[in-house]
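Source file target_12.cif; content: mmCIF, C-alpha atoms and all ligand atoms.
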data_final
#
loop_
_atom_site.label_atom_id
_atom_site.label_comp_id
_atom_site.auth_asym_id
_atom_site.auth_seq_id
_atom_site.Cartn_x
_atom_site.Cartn_y
_atom_site.Cartn_z
CA MET A 13 0.00 0.00 0.00
CA LYS A 14 2.74 2.37 1.09
CA ASN A 15 4.74 1.33 -1.97
CA ASN A 16 1.74 1.96 -4.18
CA ARG A 17 1.30 5.48 -2.80
CA LEU A 18 4.99 6.20 -3.35
CA PHE A 19 4.74 4.95 -6.90
CA PHE A 20 1.74 7.17 -7.66
CA THR A 21 3.38 10.22 -6.11
CA ALA A 22 6.52 9.65 -8.16
CA ALA A 23 4.50 9.11 -11.33
CA LEU A 24 2.50 12.28 -10.68
CA LEU A 25 5.68 14.29 -10.12
CA LEU A 26 7.19 12.92 -13.31
CA LEU A 27 4.06 13.79 -15.25
CA LEU A 28 3.99 17.31 -13.87
CA THR A 29 7.65 18.11 -14.51
CA GLY A 30 7.41 16.42 -17.91
CA SER A 31 4.46 18.53 -19.02
CA CYS A 32 6.11 21.72 -17.78
CA LYS A 33 9.18 20.87 -19.82
CA GLU A 34 7.06 20.44 -22.94
CA LYS A 35 5.44 23.81 -22.43
CA PRO A 36 7.86 26.69 -21.99
CA LYS A 37 6.63 29.43 -19.69
CA ASP A 38 6.05 32.02 -22.41
CA GLN A 39 3.81 29.59 -24.28
CA ILE A 40 1.70 29.12 -21.17
CA THR A 41 1.09 32.87 -20.94
CA GLU A 42 0.26 32.95 -24.66
CA ASP A 43 -2.41 30.31 -24.10
CA ILE A 44 -3.93 32.21 -21.22
CA HIS A 45 -3.91 35.49 -23.17
CA PRO A 46 -4.46 34.37 -26.74
CA ALA A 47 -3.74 36.86 -29.51
CA THR A 48 -6.64 39.00 -30.64
CA LEU A 49 -7.35 40.07 -34.20
CA GLN A 50 -6.24 43.64 -33.67
CA GLU A 51 -3.00 42.60 -31.94
CA THR A 52 -2.26 39.96 -34.53
CA PHE A 53 -2.54 42.36 -37.44
CA LYS A 54 -1.43 45.54 -35.68
CA ASN A 55 1.56 46.04 -37.98
CA ASP A 56 -0.43 45.19 -41.09
CA PHE A 57 -3.84 46.90 -41.24
CA TYR A 58 -6.72 48.03 -39.04
CA ILE A 59 -9.26 45.34 -38.20
CA GLY A 60 -12.76 46.76 -38.19
CA ALA A 61 -16.37 45.77 -37.61
CA ALA A 62 -19.66 47.29 -38.68
CA ILE A 63 -21.80 47.85 -35.61
CA ASN A 64 -25.54 48.26 -35.09
CA VAL A 65 -27.53 50.38 -32.63
CA ASN A 66 -27.28 47.92 -29.71
CA GLN A 67 -23.56 47.57 -30.18
CA ILE A 68 -23.19 51.36 -30.30
CA LYS A 69 -25.20 51.61 -27.05
CA GLU A 70 -23.19 48.73 -25.54
CA THR A 71 -26.36 47.03 -24.32
CA ASP A 72 -24.68 43.61 -24.15
CA SER A 73 -21.53 43.66 -22.05
CA LEU A 74 -20.08 40.47 -23.56
CA MET A 75 -20.47 41.91 -27.05
CA ALA A 76 -19.06 45.27 -25.96
CA GLY A 77 -16.03 43.57 -24.43
CA LEU A 78 -15.40 41.46 -27.50
CA LEU A 79 -15.68 44.47 -29.81
CA LYS A 80 -13.05 46.51 -28.05
CA LYS A 81 -10.78 43.54 -27.47
CA GLU A 82 -10.73 42.29 -31.03
CA PHE A 83 -11.28 45.34 -33.23
CA ASN A 84 -9.55 48.70 -33.62
CA SER A 85 -11.88 50.24 -36.18
CA ILE A 86 -15.66 50.69 -36.40
CA THR A 87 -18.19 51.55 -39.09
CA ALA A 88 -21.85 52.35 -38.38
CA GLU A 89 -23.83 49.60 -40.12
CA ASN A 90 -26.89 51.79 -40.79
CA MET A 91 -27.21 54.85 -38.57
CA MET A 92 -25.22 57.31 -40.67
CA LYS A 93 -27.09 56.54 -43.89
CA SER A 94 -29.14 59.48 -45.10
CA MET A 95 -32.59 58.04 -44.30
CA HIS A 96 -31.54 57.71 -40.65
CA ILE A 97 -29.26 60.68 -40.06
CA HIS A 98 -31.02 63.24 -42.28
CA PRO A 99 -34.65 62.10 -42.54
CA ALA A 100 -36.11 65.46 -43.58
CA LYS A 101 -34.67 68.62 -45.11
CA ASP A 102 -34.10 70.44 -41.83
CA SER A 103 -33.93 67.52 -39.46
CA PHE A 104 -30.92 65.48 -38.37
CA ASN A 105 -30.71 62.51 -35.97
CA PHE A 106 -27.35 62.77 -34.28
CA GLU A 107 -28.02 60.86 -31.07
CA ILE A 108 -26.77 57.45 -32.19
CA PRO A 109 -24.05 58.74 -34.55
CA ASP A 110 -22.68 60.87 -31.67
CA LYS A 111 -22.59 57.77 -29.43
CA PHE A 112 -20.90 55.83 -32.22
CA VAL A 113 -18.14 58.43 -32.50
CA GLU A 114 -17.76 58.61 -28.67
CA LEU A 115 -17.39 54.82 -28.53
CA GLY A 116 -14.65 54.92 -31.16
CA GLN A 117 -12.84 57.78 -29.45
CA LYS A 118 -13.10 56.17 -26.03
CA ASN A 119 -11.46 53.01 -27.38
CA ASN A 120 -8.95 54.77 -29.59
CA MET A 121 -10.41 53.28 -32.75
CA TYR A 122 -10.14 54.27 -36.41
CA ILE A 123 -13.65 55.60 -37.07
CA VAL A 124 -15.34 55.22 -40.46
CA GLY A 125 -18.30 57.30 -41.63
CA HIS A 126 -20.63 55.31 -43.87
CA THR A 127 -21.90 56.82 -46.16
CA LEU A 128 -22.56 60.29 -47.58
CA VAL A 129 -23.89 59.86 -51.12
CA TRP A 130 -25.74 56.62 -51.85
CA HIS A 131 -28.89 55.86 -53.86
CA SER A 132 -30.00 53.22 -51.35
CA GLN A 133 -31.41 53.82 -47.86
CA LEU A 134 -31.74 57.36 -49.18
CA SER A 135 -33.90 59.95 -47.48
CA PRO A 136 -37.23 60.21 -49.28
CA TRP A 137 -36.98 64.01 -49.45
CA ILE A 138 -33.72 63.78 -51.42
CA GLU A 139 -35.11 61.08 -53.67
CA LYS A 140 -38.02 63.36 -54.58
CA ILE A 141 -35.87 66.35 -55.64
CA LYS A 142 -36.43 67.14 -59.30
CA ASP A 143 -34.35 70.30 -59.70
CA SER A 144 -30.55 70.28 -60.12
CA THR A 145 -29.83 73.37 -57.99
CA GLU A 146 -31.97 71.94 -55.23
CA MET A 147 -30.11 68.62 -55.46
CA HIS A 148 -26.79 70.44 -55.25
CA HIS A 149 -27.97 72.28 -52.12
CA ALA A 150 -29.22 69.05 -50.56
CA ILE A 151 -25.84 67.32 -51.01
CA GLN A 152 -24.05 70.45 -49.81
CA SER A 153 -26.09 70.80 -46.63
CA HIS A 154 -25.91 67.03 -46.00
CA ILE A 155 -22.12 66.90 -46.29
CA ASN A 156 -21.37 70.22 -44.59
CA THR A 157 -23.55 69.48 -41.59
CA ILE A 158 -22.53 65.88 -41.00
CA VAL A 159 -18.85 65.97 -41.94
CA GLY A 160 -18.52 69.36 -40.21
CA ARG A 161 -19.99 67.99 -36.97
CA TYR A 162 -17.46 65.15 -36.82
CA LYS A 163 -14.50 67.14 -38.17
CA GLY A 164 -11.28 65.78 -36.68
CA LYS A 165 -13.16 62.84 -35.12
CA ILE A 166 -14.13 60.62 -38.03
CA ASN A 167 -10.97 59.28 -39.66
CA SER A 168 -12.40 58.22 -42.97
CA TRP A 169 -15.55 58.77 -45.03
CA ASP A 170 -17.17 56.52 -47.63
CA VAL A 171 -17.99 59.62 -49.65
CA VAL A 172 -19.81 57.90 -52.51
CA ASN A 173 -21.17 54.38 -52.29
CA GLU A 174 -22.10 52.07 -55.19
CA ALA A 175 -22.12 54.55 -58.07
CA LEU A 176 -21.28 51.90 -60.67
CA ASN A 177 -23.24 49.36 -62.68
CA GLU A 178 -21.83 45.87 -63.16
CA ASP A 179 -20.54 46.79 -66.65
CA GLY A 180 -18.53 49.65 -65.20
CA THR A 181 -20.78 52.46 -66.40
CA LEU A 182 -22.27 54.95 -63.97
CA ARG A 183 -25.47 53.87 -62.23
CA ASN A 184 -28.49 55.86 -63.24
CA SER A 185 -29.13 57.20 -59.74
CA VAL A 186 -31.10 60.27 -58.76
CA PHE A 187 -27.73 62.02 -58.31
CA LEU A 188 -26.56 61.22 -61.84
CA GLU A 189 -29.94 62.18 -63.27
CA ARG A 190 -30.06 65.57 -61.57
CA LEU A 191 -26.40 66.61 -61.60
CA GLY A 192 -24.64 64.56 -64.26
CA GLU A 193 -21.42 62.69 -63.59
CA ASN A 194 -19.85 65.68 -61.92
CA TYR A 195 -21.80 64.85 -58.76
CA LEU A 196 -18.95 62.57 -57.74
CA THR A 197 -16.34 65.33 -57.94
CA THR A 198 -18.70 67.70 -56.12
CA ALA A 199 -19.23 65.21 -53.28
CA PHE A 200 -15.50 64.57 -52.81
CA LYS A 201 -14.62 68.26 -52.95
CA LEU A 202 -17.34 69.22 -50.46
CA THR A 203 -16.19 66.52 -48.04
CA ALA A 204 -12.54 67.57 -48.30
CA GLU A 205 -13.54 71.17 -47.57
CA ALA A 206 -15.67 70.19 -44.58
CA ASP A 207 -12.84 68.12 -43.03
CA PRO A 208 -9.46 68.49 -44.76
CA ASP A 209 -7.88 65.77 -42.60
CA ALA A 210 -10.41 63.01 -43.22
CA GLU A 211 -9.50 60.21 -45.61
CA LEU A 212 -11.94 59.99 -48.49
CA TYR A 213 -13.02 56.73 -50.12
CA TYR A 214 -15.03 55.50 -53.06
CA ASN A 215 -16.76 52.26 -51.95
CA ASP A 216 -18.55 49.54 -53.98
CA TYR A 217 -19.32 45.81 -54.31
CA ASN A 218 -18.22 43.41 -57.08
CA MET A 219 -15.01 45.43 -57.21
CA CYS A 220 -13.04 42.33 -58.18
CA GLN A 221 -15.00 41.71 -61.39
CA PRO A 222 -13.08 42.86 -64.45
CA ALA A 223 -15.67 45.21 -66.02
CA LYS A 224 -16.55 46.87 -62.76
CA ARG A 225 -12.89 47.12 -61.81
CA ASP A 226 -12.19 48.98 -65.08
CA GLY A 227 -15.11 51.29 -64.34
CA ALA A 228 -13.82 51.98 -60.83
CA VAL A 229 -10.33 52.74 -62.12
CA LYS A 230 -11.84 55.21 -64.61
CA LEU A 231 -13.97 56.78 -61.88
CA VAL A 232 -10.97 57.36 -59.60
CA LYS A 233 -8.87 58.75 -62.47
CA LYS A 234 -11.65 61.17 -63.33
CA LEU A 235 -11.82 62.42 -59.74
CA GLN A 236 -8.05 62.89 -59.73
CA GLU A 237 -8.11 64.73 -63.10
CA ASN A 238 -10.82 67.00 -61.73
CA GLY A 239 -8.60 67.89 -58.78
CA ALA A 240 -10.69 66.13 -56.14
CA LYS A 241 -8.93 64.51 -53.21
CA ILE A 242 -9.47 60.75 -52.98
CA ASN A 243 -7.43 58.65 -50.53
CA GLY A 244 -8.73 55.21 -51.10
CA VAL A 245 -10.91 52.63 -52.79
CA GLY A 246 -13.16 50.42 -50.70
CA ILE A 247 -13.66 46.86 -51.87
CA GLN A 248 -16.78 45.85 -49.94
CA GLY A 249 -16.00 42.13 -49.94
CA HIS A 250 -19.44 40.49 -49.77
CA TRP A 251 -18.02 37.23 -51.08
CA ASN A 252 -18.78 33.52 -51.08
CA LEU A 253 -16.81 30.28 -50.68
CA ASN A 254 -15.65 30.20 -54.30
CA SER A 255 -15.93 33.62 -55.76
CA PRO A 256 -14.26 35.96 -56.47
CA SER A 257 -11.05 34.06 -57.15
CA LEU A 258 -7.87 35.03 -55.35
CA GLU A 259 -6.43 36.05 -58.72
CA GLU A 260 -9.22 38.58 -59.33
CA ILE A 261 -8.96 39.93 -55.79
CA GLU A 262 -5.23 40.40 -56.26
CA LYS A 263 -5.70 42.10 -59.63
CA SER A 264 -8.07 44.59 -58.00
CA ILE A 265 -5.78 45.34 -55.06
CA LEU A 266 -3.00 46.04 -57.56
CA ALA A 267 -5.15 48.03 -59.99
CA TYR A 268 -6.49 50.36 -57.30
CA SER A 269 -3.23 50.87 -55.50
CA GLN A 270 -1.53 51.71 -58.81
CA LEU A 271 -3.75 54.79 -58.85
CA GLY A 272 -1.77 56.04 -55.87
CA VAL A 273 -4.55 55.44 -53.34
CA ASP A 274 -5.00 53.08 -50.40
CA VAL A 275 -7.15 49.98 -50.60
CA ALA A 276 -9.55 48.99 -47.82
CA ILE A 277 -11.67 45.89 -47.54
CA THR A 278 -14.69 47.62 -46.09
CA GLU A 279 -17.53 45.10 -45.60
CA LEU A 280 -16.06 41.62 -45.51
CA ASP A 281 -18.34 38.61 -45.06
CA ILE A 282 -18.33 35.20 -46.73
CA THR A 283 -21.69 33.56 -47.20
CA VAL A 284 -21.92 29.76 -47.07
CA LEU A 285 -25.45 29.70 -48.49
CA PRO A 286 -26.63 29.12 -52.06
CA SER A 287 -27.27 32.23 -54.08
CA PRO A 288 -30.51 32.66 -56.01
CA TRP A 289 -28.40 34.06 -58.88
CA ASP A 290 -26.39 30.85 -59.16
CA LEU A 291 -29.44 28.74 -59.93
CA GLN A 292 -29.26 28.32 -63.66
CA GLY A 293 -32.58 29.01 -65.28
CA ALA A 294 -34.07 30.04 -61.95
CA ASP A 295 -37.13 32.16 -62.22
CA VAL A 296 -36.07 35.38 -60.55
CA ASN A 297 -39.64 35.99 -59.48
CA GLN A 298 -39.73 32.66 -57.69
CA ASN A 299 -40.23 32.97 -53.97
CA PHE A 300 -37.13 31.56 -52.31
CA GLU A 301 -38.27 32.45 -48.82
CA GLY A 302 -38.99 29.37 -46.72
CA ASN A 303 -37.49 27.05 -49.36
CA PRO A 304 -35.36 24.53 -47.38
CA LYS A 305 -32.99 24.04 -50.35
CA MET A 306 -31.98 27.67 -50.02
CA ASN A 307 -31.51 27.39 -46.25
CA PRO A 308 -29.53 24.17 -45.86
CA TYR A 309 -28.08 24.70 -42.36
CA PRO A 310 -30.90 26.06 -40.19
CA ASP A 311 -29.48 24.54 -36.97
CA LYS A 312 -25.76 24.05 -37.30
CA LEU A 313 -23.02 24.49 -39.87
CA PRO A 314 -21.57 21.05 -40.80
CA ASP A 315 -17.88 20.65 -39.93
CA SER A 316 -16.95 20.18 -43.58
CA ILE A 317 -18.35 23.62 -44.48
CA GLN A 318 -16.86 25.18 -41.34
CA ASP A 319 -13.48 23.93 -42.58
CA LYS A 320 -14.09 25.28 -46.08
CA LEU A 321 -14.96 28.67 -44.63
CA ALA A 322 -11.81 28.65 -42.49
CA LYS A 323 -9.65 27.74 -45.49
CA ARG A 324 -11.27 30.46 -47.62
CA TYR A 325 -10.69 33.10 -44.93
CA GLN A 326 -7.11 31.90 -44.50
CA ASP A 327 -6.38 32.12 -48.24
CA ILE A 328 -7.89 35.58 -48.43
CA PHE A 329 -5.96 36.85 -45.41
CA ALA A 330 -2.71 35.36 -46.75
CA LEU A 331 -3.32 37.48 -49.85
CA PHE A 332 -4.10 40.56 -47.74
CA LEU A 333 -0.86 40.04 -45.82
CA LYS A 334 1.08 39.73 -49.08
CA HIS A 335 -0.26 43.20 -49.97
CA LYS A 336 -0.32 44.74 -46.52
CA ASP A 337 1.64 47.74 -47.79
CA LYS A 338 -1.38 48.60 -49.97
CA ILE A 339 -4.18 47.71 -47.55
CA LYS A 340 -5.11 50.18 -44.86
CA ARG A 341 -8.00 48.35 -43.21
CA VAL A 342 -10.01 45.14 -43.25
CA THR A 343 -13.49 45.62 -41.84
CA PHE A 344 -15.99 42.79 -41.27
CA TRP A 345 -19.64 43.57 -41.91
CA GLY A 346 -20.68 42.70 -38.38
CA VAL A 347 -19.12 41.07 -35.32
CA ASN A 348 -20.90 37.72 -35.19
CA ASP A 349 -23.11 35.49 -37.33
CA ALA A 350 -26.32 36.40 -35.51
CA GLN A 351 -25.87 40.06 -36.40
CA SER A 352 -25.11 39.56 -40.07
CA TRP A 353 -27.39 41.12 -42.70
CA LYS A 354 -26.73 37.97 -44.76
CA ASN A 355 -29.34 36.14 -42.65
CA ASP A 356 -31.91 38.29 -44.45
CA TRP A 357 -30.32 39.09 -47.78
CA PRO A 358 -30.82 38.28 -50.59
CA ILE A 359 -33.42 35.92 -49.10
CA LYS A 360 -35.15 36.68 -45.82
CA GLY A 361 -35.09 34.42 -42.78
CA ARG A 362 -32.11 32.17 -43.50
CA THR A 363 -29.31 31.07 -41.18
CA ASP A 364 -25.95 32.16 -42.53
CA PHE A 365 -22.47 31.85 -41.01
CA PRO A 366 -20.37 34.50 -42.76
CA LEU A 367 -18.27 36.01 -39.94
CA LEU A 368 -15.50 35.02 -37.51
CA PHE A 369 -17.58 34.75 -34.32
CA ASP A 370 -20.52 32.39 -33.89
CA ARG A 371 -23.94 33.06 -32.39
CA ASN A 372 -22.51 32.61 -28.88
CA LEU A 373 -19.66 35.02 -29.63
CA LYS A 374 -17.15 32.18 -29.73
CA PRO A 375 -14.33 32.42 -32.26
CA LYS A 376 -14.86 30.03 -35.17
CA GLU A 377 -12.33 27.91 -37.07
CA ALA A 378 -11.97 30.78 -39.53
CA TYR A 379 -10.80 33.06 -36.71
CA LYS A 380 -8.14 30.56 -35.66
CA ALA A 381 -7.14 30.01 -39.29
CA ILE A 382 -6.33 33.65 -39.94
CA ILE A 383 -4.57 34.16 -36.60
CA SER A 384 -2.45 31.08 -37.31
CA LEU A 385 -1.12 32.75 -40.47
CA LYS A 386 0.82 35.18 -38.29
CA GLU A 387 1.84 32.51 -35.80
CA LYS A 388 3.37 30.64 -38.71
CA ASN A 389 5.22 33.82 -39.73
CA LYS A 390 6.49 34.17 -36.16
CA GLU A 391 7.78 30.59 -36.18
CA ASP A 392 9.43 31.10 -39.58
CA SER A 393 11.23 34.20 -38.40
CA ARG A 394 12.42 32.41 -35.23
CA GLN A 395 14.08 29.68 -37.29
C1 LIG W 1 -26.76 46.76 -45.14
C2 LIG W 1 -27.00 46.58 -43.65
O1 LIG W 1 -26.10 45.64 -43.15
C3 LIG W 1 -28.42 46.10 -43.40
O2 LIG W 1 -28.71 46.07 -42.01
C4 LIG W 1 -29.42 47.02 -44.10
O3 LIG W 1 -30.72 46.50 -43.96
C5 LIG W 1 -29.08 47.16 -45.57
O4 LIG W 1 -27.73 47.60 -45.71
N1 LIG W 1 -23.50 47.54 -48.98
C6 LIG W 1 -23.36 48.59 -48.10
C7 LIG W 1 -23.92 48.48 -46.74
O5 LIG W 1 -22.65 49.57 -48.41
O6 LIG W 1 -24.33 49.71 -46.23
C8 LIG W 1 -25.08 47.49 -46.70
O7 LIG W 1 -25.49 47.34 -45.33
C9 LIG W 1 -24.67 46.17 -47.31
C10 LIG W 1 -24.27 46.36 -48.76
#
Reformat the file's structure so that it appears as structure tokens.
Ligand code: XIL
Amino acid sequence: MKNNRLFFTAALLLLLTGSCKEKPKDQITEDIHPATLQETFKNDFYIGAAINVNQIKETDSLMAGLLKKEFNSITAENMMKSMHIHPAKDSFNFEIPDKFVELGQKNNMYIVGHTLVWHSQLSPWIEKIKDSTEMHHAIQSHINTIVGRYKGKINSWDVVNEALNEDGTLRNSVFLERLGENYLTTAFKLTAEADPDAELYYNDYNMCQPAKRDGAVKLVKKLQENGAKINGVGIQGHWNLNSPSLEEIEKSILAYSQLGVDVAITELDITVLPSPWDLQGADVNQNFEGNPKMNPYPDKLPDSIQDKLAKRYQDIFALFLKHKDKIKRVTFWGVNDAQSWKNDWPIKGRTDFPLLFDRNLKPKEAYKAIISLKEKNKEDSRQ
């Protein structure tokens, strides 16, 4: 009995010293304080998240803690769009935008204003304007009032959002109709005057498709020829598991940065769900809502797809790291899957998994996969 006890004590001691030997002290501390996104990429680019009203108000303390731990940049998901911030000619809603800016300042974050001139989520009073002088005054008062209020506080503005068609021509928006193509130059010049230090971006989706890329390059060149200040191009990054290809993403990063401007990935999310546009011969008027084929993972994402998502994020971030000298910021369009607009777009009521944190705010495989890219770099440089 006594011998037995001795044996167990010795075995336990051996085990303990053995395991300590395997794990050097610094590694133990690393496990207890794992790297966060913002720390991991702090020498590469800002890591941002789009945040909604509850996140701005910090109603959920777990969410609030995660946001400031992981991210060093924020974008307002909806509350600075014209229908919310400027709902009528002489009326502005600054309560939530003010809180948004305070939150960013309090946490020393890079604050992004989204967005000044956009045809969507547009205030009805602007949409109804028929006269060109009146439209000019509307844009002027919108930009002067909002950009002026946050002068020196908002780091970067998405000045114009989604001005292009898929073929690279200018979208026939109410702005183009009333003011002609010069509305873009006007918007950039007004913003630069209202806050000379803010960084000014043109932002759009499908920016890695060749025709649209050519259109965006032309658009930026035109602004530059017209003497407007533009600091960067925003690639929204609403992508899926297969598309766009890494080659096309790389071509776009190169094409935009060759214009002498920064590149930002402004609204990154990667849907794992089927797209109604991929269904060959699909009747576009068909109602996809409630169709189980279009919502294949209502309860849980299968491991195989979780792995695919992680691999896709890892490939994309490896590319971003390759071009970190050109990329200023990578912003996710939301913090966790529950918050994502992709649950309701382009089909309402689905369960999507496009972000790095799950519905319980736990980091997903994709999170670990992108962090591990830098850990690998660290190991390589140690050798
Ligand atoms: C989305 C928001 O996430 C949704 O909550 C809202 O209902 C619609 O707009 N491109 C943009 C973003 O520039 O502003 C959009 O945000 C997503 C597409």
Show me a table, sorted first by chain and then by increasing residue number, of the residues of chain A having an atom at most 9 Å from ligand LIG 1 (chain W), each with its shortest atom pair and the distance in Å to one decimal, counting all atoms listed in the file and written as CSV.
residue,atom,partner,partner_atom,distance
A:Ala62,CA,W:LIG1,O1,8.0
A:Ile63,CA,W:LIG1,O1,9.0
A:Asn64,CA,W:LIG1,O2,7.9
A:Ala88,CA,W:LIG1,O6,8.6
A:Glu89,CA,W:LIG1,O1,5.5
A:Asn90,CA,W:LIG1,C2,5.9
A:Lys93,CA,W:LIG1,O6,7.7
A:His126,CA,W:LIG1,O6,7.1
A:Thr127,CA,W:LIG1,O6,7.5
A:Trp130,CA,W:LIG1,O5,8.4
A:Ser132,CA,W:LIG1,O4,8.3
A:Gln133,CA,W:LIG1,C5,7.4
A:Asp170,CA,W:LIG1,O5,8.9
A:Asn173,CA,W:LIG1,O5,6.4
A:Glu174,CA,W:LIG1,O5,7.2
A:Asn215,CA,W:LIG1,O5,7.4
A:Asp216,CA,W:LIG1,O5,6.9
A:Tyr217,CA,W:LIG1,N1,7.0
A:Gln248,CA,W:LIG1,N1,7.0
A:His250,CA,W:LIG1,C10,7.7
A:Thr278,CA,W:LIG1,O5,8.5
A:Glu279,CA,W:LIG1,C6,7.2
A:Trp345,CA,W:LIG1,O1,6.9
A:Gly346,CA,W:LIG1,O1,7.8
A:Gln351,CA,W:LIG1,O2,8.7
A:Ser352,CA,W:LIG1,O1,6.9
A:Trp353,CA,W:LIG1,O1,4.7
A:Lys354,CA,W:LIG1,O1,7.9
A:Asp356,CA,W:LIG1,O3,8.3
A:Trp357,CA,W:LIG1,O3,8.3
- Query: Excluding same-chain residues fewer than 6 positions from Ile151 in chain A, what lies within 12 Å of it counting all atoms listed in the file, as an NGL selection string?
  - Reply: :A and (94 or 98 or 101 or 128-130 or 134-135 or 137-139 or 141 or 144-145 or 157-159 or 171-172 or 186-187 or 190-191 or 195-203)
- Query: Between A:Asn120, A:Glu237, A:Met92, A:Met306, which is the closest to Phe104 in chain A once you count all atoms listed in the file?
  - Reply: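 Checking each of A:Asn120, A:Glu237, A:Met92, A:Met306 against Phe104 in chain A, counting all atoms listed in the file, the winner is A:Met92.
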- Message: I'd like the contact shell of Gly180 in chain A - 7 Å cut-off, only C-alpha atoms, skipping same-chain residues fewer than 6 positions apart - returned as a PyMOL selection string.
- Response: chain A and resi 223-224+226-228
- Which is closer to Ser85 in chain A than all the others in A:Val342, A:Ile383, A:Ala322, A:Leu176, using only C-alpha atoms?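 Nearest candidate to Ser85 in chain A out of A:Val342, A:Ile383, A:Ala322, A:Leu176: A:Val342.
The space separating CA of Leu385 in chain A from CA of Gly272 in chain A comes to 27.9 Å.
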- In Å to one decimal, how far is CA of Glu82 in chain A from CA of Glu70 in chain A?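 Distance reported for this atom pair: 15.1 Å.
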- Go through A:Ile339, A:Ile155, A:Ala100, A:Ile242 one by one, measure the shortest atom-to-atom distance of each to Pro136 in chain A using all atoms listed in the file, and give the residue with the smallest value. A:Ala100
- Query: With all atoms listed in the file as the atoms that count, which of A:Val124, A:Met75, A:Leu368, A:Leu258 lies nearest to Ala330 in chain A?
  - Reply: A:Leu258
- Query: Which residues come within 12 Å of Asp327 in chain A, counting all atoms listed in the file, excluding same-chain residues fewer than 3 positions away, as a list in words?
  - Reply: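 After dropping sequence-adjacent residues, the list is Leu253, Asn254, Ser257, Leu258, Glu259, Ile261, Glu262, Lys320, Leu321, Ala322, Lys323, Arg324, Ala330, Leu331, Phe332, Leu333, Lys334, Ala378, Ala381, Ile382, Ile383, Ser384 and Leu385 of chain A.
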Spatial neighbours of Asn299 in chain A, 12 Å, all atoms listed in the file, chain gap at least 5 places, as an mmCIF file with C-alpha atoms, keeping the file's coordinate frame:
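selection_37.cif written:
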data_model
loop_
_atom_site.group_PDB
_atom_site.id
_atom_site.type_symbol
_atom_site.label_atom_id
_atom_site.label_comp_id
_atom_site.auth_asym_id
_atom_site.auth_seq_id
_atom_site.Cartn_x
_atom_site.Cartn_y
_atom_site.Cartn_z
ATOM 1 C CA PRO A 288 -30.510 32.660 -56.010
ATOM 2 C CA ALA A 294 -34.070 30.040 -61.950
ATOM 3 C CA PRO A 304 -35.360 24.530 -47.380
ATOM 4 C CA MET A 306 -31.980 27.670 -50.020
ATOM 5 C CA PRO A 358 -30.820 38.280 -50.590
ATOM 6 C CA ILE A 359 -33.420 35.920 -49.100
ATOM 7 C CA LYS A 360 -35.150 36.680 -45.820
#
- Message: List the spatial neighbours of Gly164 in chain A as a VMD selection string - criterion: any atom at most 7 Å away, only C-alpha atoms, same-chain residues fewer than 2 positions off excluded.
- Response: chain A and resid 162 166 207 209
Selected residues written out with C-alpha atoms, as a PDB file, in the coordinates of the input:
ATOM      1  CA  TYR A 162     -17.460  65.150 -36.820  1.00  0.00           C
ATOM      2  CA  ILE A 166     -14.130  60.620 -38.030  1.00  0.00           C
ATOM      3  CA  ASP A 207     -12.840  68.120 -43.030  1.00  0.00           C
ATOM      4  CA  ASP A 209      -7.880  65.770 -42.600  1.00  0.00           C
TER       5      ASP A 209
END
- Out of A:Lys230, A:Lys142, A:Leu78, A:Leu182, which residue has the shortest atom-to-atom distance to Phe369 in chain A when counting all atoms listed in the file?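 Checking each candidate against Phe369 in chain A, we get A:Leu78 as the closest.
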- Message: Between A:Asp72, A:Asp370, A:Glu146, A:Asp319, which residue has the minimum interatomic distance to Asn348 in chain A, considering only C-alpha atoms?
- Response: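 With only C-alpha atoms as the atom set, the closest residue is A:Asp370.
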